[in-house]
$ cat input_10.pdb   # PDB, C-alpha atoms
ATOM      1  CA  MET A 141     -42.131  71.257  -0.498  1.00  0.00           C
ATOM      2  CA  GLU A 142     -39.125  71.326   1.761  1.00  0.00           C
ATOM      3  CA  ILE A 143     -38.254  71.280   5.451  1.00  0.00           C
ATOM      4  CA  GLY A 144     -39.664  74.385   7.102  1.00  0.00           C
ATOM      5  CA  ASP A 145     -42.515  74.848   4.602  1.00  0.00           C
ATOM      6  CA  LYS A 146     -46.098  74.793   5.824  1.00  0.00           C
ATOM      7  CA  ILE A 147     -48.096  72.100   4.052  1.00  0.00           C
ATOM      8  CA  PRO A 148     -51.040  73.146   1.852  1.00  0.00           C
ATOM      9  CA  GLU A 149     -54.463  73.371   3.479  1.00  0.00           C
ATOM     10  CA  LEU A 150     -56.203  70.943   1.089  1.00  0.00           C
ATOM     11  CA  LEU A 151     -54.959  67.360   1.488  1.00  0.00           C
ATOM     12  CA  GLY A 152     -57.487  65.529  -0.685  1.00  0.00           C
ATOM     13  CA  TYR A 153     -60.924  63.933  -0.578  1.00  0.00           C
ATOM     14  CA  ASP A 154     -62.243  61.247   1.747  1.00  0.00           C
ATOM     15  CA  ALA A 155     -64.466  58.266   0.920  1.00  0.00           C
ATOM     16  CA  ASP A 156     -67.543  60.526   0.895  1.00  0.00           C
ATOM     17  CA  GLY A 157     -65.949  63.026  -1.488  1.00  0.00           C
ATOM     18  CA  LYS A 158     -65.547  65.569   1.323  1.00  0.00           C
ATOM     19  CA  GLU A 159     -62.507  67.848   1.326  1.00  0.00           C
ATOM     20  CA  VAL A 160     -59.988  66.965   4.023  1.00  0.00           C
ATOM     21  CA  LYS A 161     -57.822  69.843   5.180  1.00  0.00           C
ATOM     22  CA  ALA A 162     -54.743  70.182   7.348  1.00  0.00           C
ATOM     23  CA  SER A 163     -56.855  72.281   9.724  1.00  0.00           C
ATOM     24  CA  ASP A 164     -58.985  69.175  10.370  1.00  0.00           C
ATOM     25  CA  PHE A 165     -56.007  67.982  12.463  1.00  0.00           C
ATOM     26  CA  PRO A 166     -55.398  70.931  14.831  1.00  0.00           C
ATOM     27  CA  GLY A 167     -52.319  70.558  17.006  1.00  0.00           C
ATOM     28  CA  LYS A 168     -51.549  67.121  15.512  1.00  0.00           C
ATOM     29  CA  PRO A 169     -48.222  66.346  13.870  1.00  0.00           C
ATOM     30  CA  LEU A 170     -48.773  64.524  10.586  1.00  0.00           C
ATOM     31  CA  ILE A 171     -47.135  61.873   8.458  1.00  0.00           C
ATOM     32  CA  VAL A 172     -48.355  62.526   4.918  1.00  0.00           C
ATOM     33  CA  TYR A 173     -47.225  59.925   2.444  1.00  0.00           C
ATOM     34  CA  PHE A 174     -47.742  60.007  -1.304  1.00  0.00           C
ATOM     35  CA  TYR A 175     -47.814  56.770  -3.243  1.00  0.00           C
ATOM     36  CA  PRO A 176     -48.448  55.936  -6.901  1.00  0.00           C
ATOM     37  CA  LYS A 177     -51.258  53.359  -6.878  1.00  0.00           C
ATOM     38  CA  ASP A 178     -53.434  51.154  -4.679  1.00  0.00           C
ATOM     39  CA  ASN A 179     -52.830  47.389  -4.803  1.00  0.00           C
ATOM     40  CA  THR A 180     -49.393  47.499  -6.428  1.00  0.00           C
ATOM     41  CA  SER A 181     -46.519  45.642  -4.785  1.00  0.00           C
ATOM     42  CA  GLY A 182     -44.515  48.611  -3.481  1.00  0.00           C
ATOM     43  CA  CYS A 183     -47.555  50.599  -2.396  1.00  0.00           C
ATOM     44  CA  THR A 184     -49.055  47.593  -0.618  1.00  0.00           C
ATOM     45  CA  ALA A 185     -45.752  46.883   1.161  1.00  0.00           C
ATOM     46  CA  GLU A 186     -45.541  50.515   2.305  1.00  0.00           C
ATOM     47  CA  ALA A 187     -49.154  50.635   3.508  1.00  0.00           C
ATOM     48  CA  CYS A 188     -48.834  47.327   5.381  1.00  0.00           C
ATOM     49  CA  SER A 189     -45.593  48.468   7.030  1.00  0.00           C
ATOM     50  CA  LEU A 190     -47.322  51.657   8.204  1.00  0.00           C
ATOM     51  CA  ARG A 191     -50.283  49.579   9.389  1.00  0.00           C
ATOM     52  CA  ASP A 192     -47.963  47.346  11.405  1.00  0.00           C
ATOM     53  CA  GLY A 193     -46.184  50.359  12.927  1.00  0.00           C
ATOM     54  CA  TYR A 194     -49.365  52.400  13.361  1.00  0.00           C
ATOM     55  CA  ALA A 195     -49.632  52.024  17.140  1.00  0.00           C
ATOM     56  CA  ASP A 196     -45.998  53.071  17.645  1.00  0.00           C
ATOM     57  CA  LEU A 197     -46.346  56.097  15.355  1.00  0.00           C
ATOM     58  CA  ARG A 198     -49.618  57.101  17.000  1.00  0.00           C
ATOM     59  CA  GLY A 199     -47.899  56.648  20.358  1.00  0.00           C
ATOM     60  CA  LEU A 200     -45.522  59.428  19.276  1.00  0.00           C
ATOM     61  CA  GLY A 201     -48.574  61.591  18.535  1.00  0.00           C
ATOM     62  CA  TYR A 202     -48.622  61.334  14.728  1.00  0.00           C
ATOM     63  CA  GLU A 203     -51.654  61.008  12.488  1.00  0.00           C
ATOM     64  CA  ILE A 204     -50.965  59.131   9.211  1.00  0.00           C
ATOM     65  CA  ILE A 205     -52.495  60.176   5.894  1.00  0.00           C
ATOM     66  CA  GLY A 206     -51.883  58.380   2.604  1.00  0.00           C
ATOM     67  CA  ILE A 207     -52.559  60.215  -0.659  1.00  0.00           C
ATOM     68  CA  SER A 208     -52.753  58.959  -4.240  1.00  0.00           C
ATOM     69  CA  LYS A 209     -54.676  59.784  -7.394  1.00  0.00           C
ATOM     70  CA  ASP A 210     -56.811  56.640  -7.003  1.00  0.00           C
ATOM     71  CA  SER A 211     -60.547  57.018  -6.461  1.00  0.00           C
ATOM     72  CA  ALA A 212     -62.219  56.912  -3.059  1.00  0.00           C
ATOM     73  CA  ALA A 213     -63.778  53.568  -4.054  1.00  0.00           C
ATOM     74  CA  SER A 214     -60.336  52.141  -4.838  1.00  0.00           C
ATOM     75  CA  HIS A 215     -59.036  53.408  -1.487  1.00  0.00           C
ATOM     76  CA  ALA A 216     -61.959  51.812   0.347  1.00  0.00           C
ATOM     77  CA  LYS A 217     -61.228  48.419  -1.230  1.00  0.00           C
ATOM     78  CA  PHE A 218     -57.479  48.769  -0.607  1.00  0.00           C
ATOM     79  CA  ALA A 219     -57.952  49.795   3.042  1.00  0.00           C
ATOM     80  CA  GLY A 220     -60.469  47.003   3.616  1.00  0.00           C
ATOM     81  CA  LYS A 221     -58.363  44.320   1.979  1.00  0.00           C
ATOM     82  CA  TYR A 222     -55.298  45.144   4.102  1.00  0.00           C
ATOM     83  CA  SER A 223     -57.029  46.417   7.291  1.00  0.00           C
ATOM     84  CA  LEU A 224     -55.440  49.847   7.027  1.00  0.00           C
ATOM     85  CA  PRO A 225     -56.307  51.894  10.146  1.00  0.00           C
ATOM     86  CA  PHE A 226     -55.299  55.306   8.785  1.00  0.00           C
ATOM     87  CA  THR A 227     -56.849  57.784   6.362  1.00  0.00           C
ATOM     88  CA  LEU A 228     -56.386  57.391   2.616  1.00  0.00           C
ATOM     89  CA  LEU A 229     -57.241  60.447   0.552  1.00  0.00           C
ATOM     90  CA  SER A 230     -57.977  60.747  -3.124  1.00  0.00           C
ATOM     91  CA  ASP A 231     -56.352  63.403  -5.301  1.00  0.00           C
ATOM     92  CA  PRO A 232     -58.033  62.595  -8.624  1.00  0.00           C
ATOM     93  CA  GLU A 233     -56.911  65.730 -10.467  1.00  0.00           C
ATOM     94  CA  GLY A 234     -53.389  65.651  -9.005  1.00  0.00           C
ATOM     95  CA  LYS A 235     -53.625  69.146  -7.508  1.00  0.00           C
ATOM     96  CA  VAL A 236     -52.333  68.061  -4.084  1.00  0.00           C
ATOM     97  CA  ASN A 237     -49.537  66.038  -5.740  1.00  0.00           C
ATOM     98  CA  GLN A 238     -48.518  69.181  -7.628  1.00  0.00           C
ATOM     99  CA  GLU A 239     -48.655  71.428  -4.559  1.00  0.00           C
ATOM    100  CA  PHE A 240     -46.399  69.053  -2.620  1.00  0.00           C
ATOM    101  CA  GLY A 241     -44.096  68.755  -5.643  1.00  0.00           C
ATOM    102  CA  VAL A 242     -44.392  64.979  -6.015  1.00  0.00           C
ATOM    103  CA  TRP A 243     -45.982  64.970  -9.505  1.00  0.00           C
ATOM    104  CA  GLN A 244     -42.845  64.596 -11.583  1.00  0.00           C
ATOM    105  CA  LEU A 245     -41.342  63.110 -14.694  1.00  0.00           C
ATOM    106  CA  ASN A 246     -40.511  59.442 -14.085  1.00  0.00           C
ATOM    107  CA  LYS A 247     -38.358  57.130 -16.167  1.00  0.00           C
ATOM    108  CA  MET A 248     -38.815  53.360 -16.291  1.00  0.00           C
ATOM    109  CA  CYS A 249     -37.597  50.875 -18.883  1.00  0.00           C
ATOM    110  CA  GLY A 250     -36.597  53.713 -21.199  1.00  0.00           C
ATOM    111  CA  ARG A 251     -40.075  55.254 -21.062  1.00  0.00           C
ATOM    112  CA  GLU A 252     -40.791  58.700 -19.631  1.00  0.00           C
ATOM    113  CA  TYR A 253     -44.118  59.602 -18.047  1.00  0.00           C
ATOM    114  CA  MET A 254     -45.590  61.941 -15.452  1.00  0.00           C
ATOM    115  CA  GLY A 255     -46.499  60.316 -12.158  1.00  0.00           C
ATOM    116  CA  THR A 256     -46.421  60.444  -8.376  1.00  0.00           C
ATOM    117  CA  VAL A 257     -42.966  60.099  -6.871  1.00  0.00           C
ATOM    118  CA  ARG A 258     -43.231  58.121  -3.635  1.00  0.00           C
ATOM    119  CA  THR A 259     -42.442  60.639  -0.898  1.00  0.00           C
ATOM    120  CA  THR A 260     -43.201  60.975   2.827  1.00  0.00           C
ATOM    121  CA  PHE A 261     -43.546  64.310   4.609  1.00  0.00           C
ATOM    122  CA  VAL A 262     -43.486  64.635   8.403  1.00  0.00           C
ATOM    123  CA  THR A 263     -44.851  67.769  10.044  1.00  0.00           C
ATOM    124  CA  ASP A 264     -44.881  69.272  13.497  1.00  0.00           C
ATOM    125  CA  ALA A 265     -48.119  70.155  15.315  1.00  0.00           C
ATOM    126  CA  ASP A 266     -48.327  73.430  13.347  1.00  0.00           C
ATOM    127  CA  HIS A 267     -48.047  71.459  10.074  1.00  0.00           C
ATOM    128  CA  ASN A 268     -44.613  72.758   9.166  1.00  0.00           C
ATOM    129  CA  ILE A 269     -42.484  70.115   7.451  1.00  0.00           C
ATOM    130  CA  THR A 270     -39.778  68.683   9.710  1.00  0.00           C
ATOM    131  CA  HIS A 271     -38.630  65.738   7.546  1.00  0.00           C
ATOM    132  CA  VAL A 272     -38.905  64.708   3.885  1.00  0.00           C
ATOM    133  CA  ILE A 273     -38.198  61.102   2.929  1.00  0.00           C
ATOM    134  CA  LYS A 274     -37.539  60.787  -0.797  1.00  0.00           C
ATOM    135  CA  LYS A 275     -36.040  57.296  -0.692  1.00  0.00           C
ATOM    136  CA  VAL A 276     -38.822  55.400   1.043  1.00  0.00           C
ATOM    137  CA  ASP A 277     -38.011  51.841   2.126  1.00  0.00           C
ATOM    138  CA  THR A 278     -41.448  50.429   1.261  1.00  0.00           C
ATOM    139  CA  LYS A 279     -41.080  47.174   3.204  1.00  0.00           C
ATOM    140  CA  ASN A 280     -39.771  49.029   6.268  1.00  0.00           C
ATOM    141  CA  ALA A 281     -41.549  52.393   6.002  1.00  0.00           C
ATOM    142  CA  ALA A 282     -42.683  52.414   9.644  1.00  0.00           C
ATOM    143  CA  ALA A 283     -39.224  51.455  10.952  1.00  0.00           C
ATOM    144  CA  GLN A 284     -37.683  54.124   8.727  1.00  0.00           C
ATOM    145  CA  LEU A 285     -40.014  56.739  10.265  1.00  0.00           C
ATOM    146  CA  LEU A 286     -39.516  55.471  13.809  1.00  0.00           C
ATOM    147  CA  GLY A 287     -35.751  55.660  13.294  1.00  0.00           C
ATOM    148  CA  ILE A 288     -36.108  59.338  12.421  1.00  0.00           C
ATOM    149  CA  LEU A 289     -38.797  60.245  14.958  1.00  0.00           C
ATOM    150  CA  GLY A 290     -38.095  57.933  17.876  1.00  0.00           C
TER     151      GLY A 290
END

$ encode --input "input_10.pdb" --output "structure tokens"
Amino acid sequence: MEIGDKIPELLGYDADGKEVKASDFPGKPLIVYFYPKDNTSGCTAEACSLRDGYADLRGLGYEIIGISKDSAASHAKFAGKYSLPFTLLSDPEGKVNQEFGVWQLNKMCGREYMGTVRTTFVTDADHNITHVIKKVDTKNAAAQLLGILG
């Protein structure tokens, strides 16, 4: 997905297994961030940065949604452990990752594997993408967004 594209309708599944759609946020600009895995160092740093900047981002009118392939139960534990005030959605089959184009070939330590590439999408109130952050500063994710949006 690129700037100007409308995000897909299906965003993932909530803690109750219910589908969450873009249309559930009418007239709300969104920050949709994809991350590889709950409770890993980079993903925890990113989530905690967004938690700490949540009030400022909400003050600009944005709703924050985190998406990974982890289960709803894993998300619930992760959100509880770090007091995350925003929505975490599960994409167990990776369909949403694929639609957004973040399910890609990764290389680490000479090994290649398919996985989620950490990416943040910002939309306007009509859910058209206005910004794509491919090089997310995990420890300063909120400041990075506020620098773009503020």

$ atom_distance --input "input_10.pdb" --atom1 "atom CA of A:Asn237" --atom2 "atom CA of A:Tyr153"
12.7 Å

$ atom_distance --input "input_10.pdb" --atom1 "atom CA of A:Glu252" --atom2 "atom CA of A:Tyr173"
23.0 Å

$ residues_near_point --input "input_10.pdb" --point "(-54.8, 63.8, 4.0)" --cutoff "10 Å" --atoms "all atoms listed in the file" --output "ChimeraX atom specification"
/A:149-154,159-162,164-165,170-174,203-208,226-231,236

$ atom_distance --input "input_10.pdb" --atom1 "atom CA of A:Arg198" --atom2 "atom CA of A:Lys158"
23.9 Å

$ residues_around --input "input_10.pdb" --residues "A:Pro176" --least-positions-apart "2" --cutoff "8 Å" --atoms "only C-alpha atoms" --output "NGL selection string"
:A and (174 or 178 or 183 or 208-209 or 255-258)

$ resolve_selection --input "input_10.pdb" --expression "the PyMOL selection byres ((chain A and resi 269) around 6)" --output "tab-separated table (two decimals) with C-alpha atoms, in the coordinates of the input"
chain	number	residue	atom	x	y	z
A	143	ILE	CA	-38.25	71.28	5.45
A	144	GLY	CA	-39.66	74.39	7.10
A	145	ASP	CA	-42.52	74.85	4.60
A	262	VAL	CA	-43.49	64.64	8.40
A	263	THR	CA	-44.85	67.77	10.04
A	268	ASN	CA	-44.61	72.76	9.17
A	270	THR	CA	-39.78	68.68	9.71
A	271	HIS	CA	-38.63	65.74	7.55

$ closest_residue --input "input_10.pdb" --among "A:Gly287, A:Pro169, A:Pro225, A:Gly201" --to "A:Phe261" --atoms "only C-alpha atoms"
A:Pro169

$ resolve_selection --input "input_10.pdb" --expression "the PyMOL selection byres ((chain A and resi 283) around 12)" --output "PDB file with C-alpha atoms, in the frame of the given file"
ATOM      1  CA  GLU A 186     -45.541  50.515   2.305  1.00  0.00           C
ATOM      2  CA  CYS A 188     -48.834  47.327   5.381  1.00  0.00           C
ATOM      3  CA  SER A 189     -45.593  48.468   7.030  1.00  0.00           C
ATOM      4  CA  LEU A 190     -47.322  51.657   8.204  1.00  0.00           C
ATOM      5  CA  ARG A 191     -50.283  49.579   9.389  1.00  0.00           C
ATOM      6  CA  ASP A 192     -47.963  47.346  11.405  1.00  0.00           C
ATOM      7  CA  GLY A 193     -46.184  50.359  12.927  1.00  0.00           C
ATOM      8  CA  TYR A 194     -49.365  52.400  13.361  1.00  0.00           C
ATOM      9  CA  ASP A 196     -45.998  53.071  17.645  1.00  0.00           C
ATOM     10  CA  LEU A 197     -46.346  56.097  15.355  1.00  0.00           C
ATOM     11  CA  VAL A 276     -38.822  55.400   1.043  1.00  0.00           C
ATOM     12  CA  ASP A 277     -38.011  51.841   2.126  1.00  0.00           C
ATOM     13  CA  THR A 278     -41.448  50.429   1.261  1.00  0.00           C
ATOM     14  CA  LYS A 279     -41.080  47.174   3.204  1.00  0.00           C
ATOM     15  CA  ASN A 280     -39.771  49.029   6.268  1.00  0.00           C
ATOM     16  CA  ALA A 281     -41.549  52.393   6.002  1.00  0.00           C
ATOM     17  CA  ALA A 282     -42.683  52.414   9.644  1.00  0.00           C
ATOM     18  CA  GLN A 284     -37.683  54.124   8.727  1.00  0.00           C
ATOM     19  CA  LEU A 285     -40.014  56.739  10.265  1.00  0.00           C
ATOM     20  CA  LEU A 286     -39.516  55.471  13.809  1.00  0.00           C
ATOM     21  CA  GLY A 287     -35.751  55.660  13.294  1.00  0.00           C
ATOM     22  CA  ILE A 288     -36.108  59.338  12.421  1.00  0.00           C
ATOM     23  CA  LEU A 289     -38.797  60.245  14.958  1.00  0.00           C
ATOM     24  CA  GLY A 290     -38.095  57.933  17.876  1.00  0.00           C
TER      25      GLY A 290
END

$ closest_residue --input "input_10.pdb" --among "A:Thr260, A:Ala265, A:Phe218, A:Thr180" --to "A:Ser163" --atoms "all atoms listed in the file"
A:Ala265

$ closest_residue --input "input_10.pdb" --among "A:Ala155, A:Met254, A:Leu224, A:Cys249" --to "A:Ala185" --atoms "all atoms listed in the file"
A:Leu224

$ closest_residue --input "input_10.pdb" --among "A:Pro148, A:Val272, A:His267, A:Asn179" --to "A:Tyr222" --atoms "all atoms listed in the file"
A:Asn179

$ build_atoms --input "input_10.pdb" --residues "stretch 192-227 of chain A" --atoms "N, CA and C atoms" --output "PDB file, in the coordinates of the input"
ATOM      1  N   ASP A 192     -48.599  48.114  10.337  1.00  0.00           N
ATOM      2  CA  ASP A 192     -47.963  47.346  11.405  1.00  0.00           C
ATOM      3  C   ASP A 192     -47.278  48.248  12.436  1.00  0.00           C
ATOM      4  N   GLY A 193     -46.828  49.423  12.011  1.00  0.00           N
ATOM      5  CA  GLY A 193     -46.184  50.359  12.927  1.00  0.00           C
ATOM      6  C   GLY A 193     -47.104  51.461  13.415  1.00  0.00           C
ATOM      7  N   TYR A 194     -48.388  51.345  13.064  1.00  0.00           N
ATOM      8  CA  TYR A 194     -49.365  52.400  13.361  1.00  0.00           C
ATOM      9  C   TYR A 194     -49.429  52.759  14.842  1.00  0.00           C
ATOM     10  N   ALA A 195     -49.514  51.758  15.695  1.00  0.00           N
ATOM     11  CA  ALA A 195     -49.632  52.024  17.140  1.00  0.00           C
ATOM     12  C   ALA A 195     -48.408  52.773  17.663  1.00  0.00           C
ATOM     13  N   ASP A 196     -47.225  52.391  17.202  1.00  0.00           N
ATOM     14  CA  ASP A 196     -45.998  53.071  17.645  1.00  0.00           C
ATOM     15  C   ASP A 196     -45.957  54.518  17.155  1.00  0.00           C
ATOM     16  N   LEU A 197     -46.355  54.739  15.905  1.00  0.00           N
ATOM     17  CA  LEU A 197     -46.346  56.097  15.355  1.00  0.00           C
ATOM     18  C   LEU A 197     -47.411  56.962  16.023  1.00  0.00           C
ATOM     19  N   ARG A 198     -48.566  56.369  16.280  1.00  0.00           N
ATOM     20  CA  ARG A 198     -49.618  57.101  17.000  1.00  0.00           C
ATOM     21  C   ARG A 198     -49.177  57.387  18.428  1.00  0.00           C
ATOM     22  N   GLY A 199     -48.420  56.456  19.008  1.00  0.00           N
ATOM     23  CA  GLY A 199     -47.899  56.648  20.358  1.00  0.00           C
ATOM     24  C   GLY A 199     -46.983  57.863  20.453  1.00  0.00           C
ATOM     25  N   LEU A 200     -46.357  58.228  19.325  1.00  0.00           N
ATOM     26  CA  LEU A 200     -45.522  59.428  19.276  1.00  0.00           C
ATOM     27  C   LEU A 200     -46.352  60.672  18.955  1.00  0.00           C
ATOM     28  N   GLY A 201     -47.666  60.468  18.763  1.00  0.00           N
ATOM     29  CA  GLY A 201     -48.574  61.591  18.535  1.00  0.00           C
ATOM     30  C   GLY A 201     -48.926  61.868  17.088  1.00  0.00           C
ATOM     31  N   TYR A 202     -48.419  61.068  16.151  1.00  0.00           N
ATOM     32  CA  TYR A 202     -48.622  61.334  14.728  1.00  0.00           C
ATOM     33  C   TYR A 202     -49.911  60.742  14.179  1.00  0.00           C
ATOM     34  N   GLU A 203     -50.528  61.484  13.278  1.00  0.00           N
ATOM     35  CA  GLU A 203     -51.654  61.008  12.488  1.00  0.00           C
ATOM     36  C   GLU A 203     -51.073  60.680  11.108  1.00  0.00           C
ATOM     37  N   ILE A 204     -51.492  59.556  10.515  1.00  0.00           N
ATOM     38  CA  ILE A 204     -50.965  59.131   9.211  1.00  0.00           C
ATOM     39  C   ILE A 204     -52.029  59.349   8.145  1.00  0.00           C
ATOM     40  N   ILE A 205     -51.602  59.927   7.024  1.00  0.00           N
ATOM     41  CA  ILE A 205     -52.495  60.176   5.894  1.00  0.00           C
ATOM     42  C   ILE A 205     -51.786  59.730   4.624  1.00  0.00           C
ATOM     43  N   GLY A 206     -52.414  58.823   3.884  1.00  0.00           N
ATOM     44  CA  GLY A 206     -51.883  58.380   2.604  1.00  0.00           C
ATOM     45  C   GLY A 206     -52.645  59.075   1.481  1.00  0.00           C
ATOM     46  N   ILE A 207     -51.932  59.503   0.448  1.00  0.00           N
ATOM     47  CA  ILE A 207     -52.559  60.215  -0.659  1.00  0.00           C
ATOM     48  C   ILE A 207     -52.090  59.630  -1.990  1.00  0.00           C
ATOM     49  N   SER A 208     -53.066  59.347  -2.863  1.00  0.00           N
ATOM     50  CA  SER A 208     -52.753  58.959  -4.240  1.00  0.00           C
ATOM     51  C   SER A 208     -53.863  59.497  -5.144  1.00  0.00           C
ATOM     52  N   LYS A 209     -53.674  59.316  -6.432  1.00  0.00           N
ATOM     53  CA  LYS A 209     -54.676  59.784  -7.394  1.00  0.00           C
ATOM     54  C   LYS A 209     -55.820  58.791  -7.553  1.00  0.00           C
ATOM     55  N   ASP A 210     -55.740  57.632  -6.900  1.00  0.00           N
ATOM     56  CA  ASP A 210     -56.811  56.640  -7.003  1.00  0.00           C
ATOM     57  C   ASP A 210     -58.128  57.194  -6.469  1.00  0.00           C
ATOM     58  N   SER A 211     -59.218  56.597  -6.899  1.00  0.00           N
ATOM     59  CA  SER A 211     -60.547  57.018  -6.461  1.00  0.00           C
ATOM     60  C   SER A 211     -60.812  56.617  -5.013  1.00  0.00           C
ATOM     61  N   ALA A 212     -61.816  57.250  -4.425  1.00  0.00           N
ATOM     62  CA  ALA A 212     -62.219  56.912  -3.059  1.00  0.00           C
ATOM     63  C   ALA A 212     -62.660  55.448  -2.993  1.00  0.00           C
ATOM     64  N   ALA A 213     -63.321  54.971  -4.038  1.00  0.00           N
ATOM     65  CA  ALA A 213     -63.778  53.568  -4.054  1.00  0.00           C
ATOM     66  C   ALA A 213     -62.576  52.622  -4.058  1.00  0.00           C
ATOM     67  N   SER A 214     -61.556  52.954  -4.812  1.00  0.00           N
ATOM     68  CA  SER A 214     -60.336  52.141  -4.838  1.00  0.00           C
ATOM     69  C   SER A 214     -59.676  52.140  -3.464  1.00  0.00           C
ATOM     70  N   HIS A 215     -59.613  53.308  -2.838  1.00  0.00           N
ATOM     71  CA  HIS A 215     -59.036  53.408  -1.487  1.00  0.00           C
ATOM     72  C   HIS A 215     -59.811  52.548  -0.493  1.00  0.00           C
ATOM     73  N   ALA A 216     -61.126  52.587  -0.587  1.00  0.00           N
ATOM     74  CA  ALA A 216     -61.959  51.812   0.347  1.00  0.00           C
ATOM     75  C   ALA A 216     -61.660  50.316   0.218  1.00  0.00           C
ATOM     76  N   LYS A 217     -61.544  49.835  -1.008  1.00  0.00           N
ATOM     77  CA  LYS A 217     -61.228  48.419  -1.230  1.00  0.00           C
ATOM     78  C   LYS A 217     -59.827  48.082  -0.719  1.00  0.00           C
ATOM     79  N   PHE A 218     -58.879  48.959  -1.017  1.00  0.00           N
ATOM     80  CA  PHE A 218     -57.479  48.769  -0.607  1.00  0.00           C
ATOM     81  C   PHE A 218     -57.377  48.743   0.920  1.00  0.00           C
ATOM     82  N   ALA A 219     -57.993  49.712   1.571  1.00  0.00           N
ATOM     83  CA  ALA A 219     -57.952  49.795   3.042  1.00  0.00           C
ATOM     84  C   ALA A 219     -58.630  48.587   3.670  1.00  0.00           C
ATOM     85  N   GLY A 220     -59.748  48.156   3.093  1.00  0.00           N
ATOM     86  CA  GLY A 220     -60.469  47.003   3.616  1.00  0.00           C
ATOM     87  C   GLY A 220     -59.696  45.713   3.449  1.00  0.00           C
ATOM     88  N   LYS A 221     -59.107  45.541   2.282  1.00  0.00           N
ATOM     89  CA  LYS A 221     -58.363  44.320   1.979  1.00  0.00           C
ATOM     90  C   LYS A 221     -57.166  44.125   2.913  1.00  0.00           C
ATOM     91  N   TYR A 222     -56.509  45.234   3.283  1.00  0.00           N
ATOM     92  CA  TYR A 222     -55.298  45.144   4.102  1.00  0.00           C
ATOM     93  C   TYR A 222     -55.480  45.688   5.521  1.00  0.00           C
ATOM     94  N   SER A 223     -56.720  45.927   5.929  1.00  0.00           N
ATOM     95  CA  SER A 223     -57.029  46.417   7.291  1.00  0.00           C
ATOM     96  C   SER A 223     -56.202  47.648   7.658  1.00  0.00           C
ATOM     97  N   LEU A 224     -56.219  48.630   6.782  1.00  0.00           N
ATOM     98  CA  LEU A 224     -55.440  49.847   7.027  1.00  0.00           C
ATOM     99  C   LEU A 224     -56.201  50.757   7.984  1.00  0.00           C
ATOM    100  N   PRO A 225     -55.601  51.119   9.122  1.00  0.00           N
ATOM    101  CA  PRO A 225     -56.307  51.894  10.146  1.00  0.00           C
ATOM    102  C   PRO A 225     -56.212  53.411   9.977  1.00  0.00           C
ATOM    103  N   PHE A 226     -55.503  53.869   8.954  1.00  0.00           N
ATOM    104  CA  PHE A 226     -55.299  55.306   8.785  1.00  0.00           C
ATOM    105  C   PHE A 226     -56.062  55.811   7.564  1.00  0.00           C
ATOM    106  N   THR A 227     -56.100  57.109   7.414  1.00  0.00           N
ATOM    107  CA  THR A 227     -56.849  57.784   6.362  1.00  0.00           C
ATOM    108  C   THR A 227     -56.128  57.705   5.022  1.00  0.00           C
TER     109      THR A 227
END
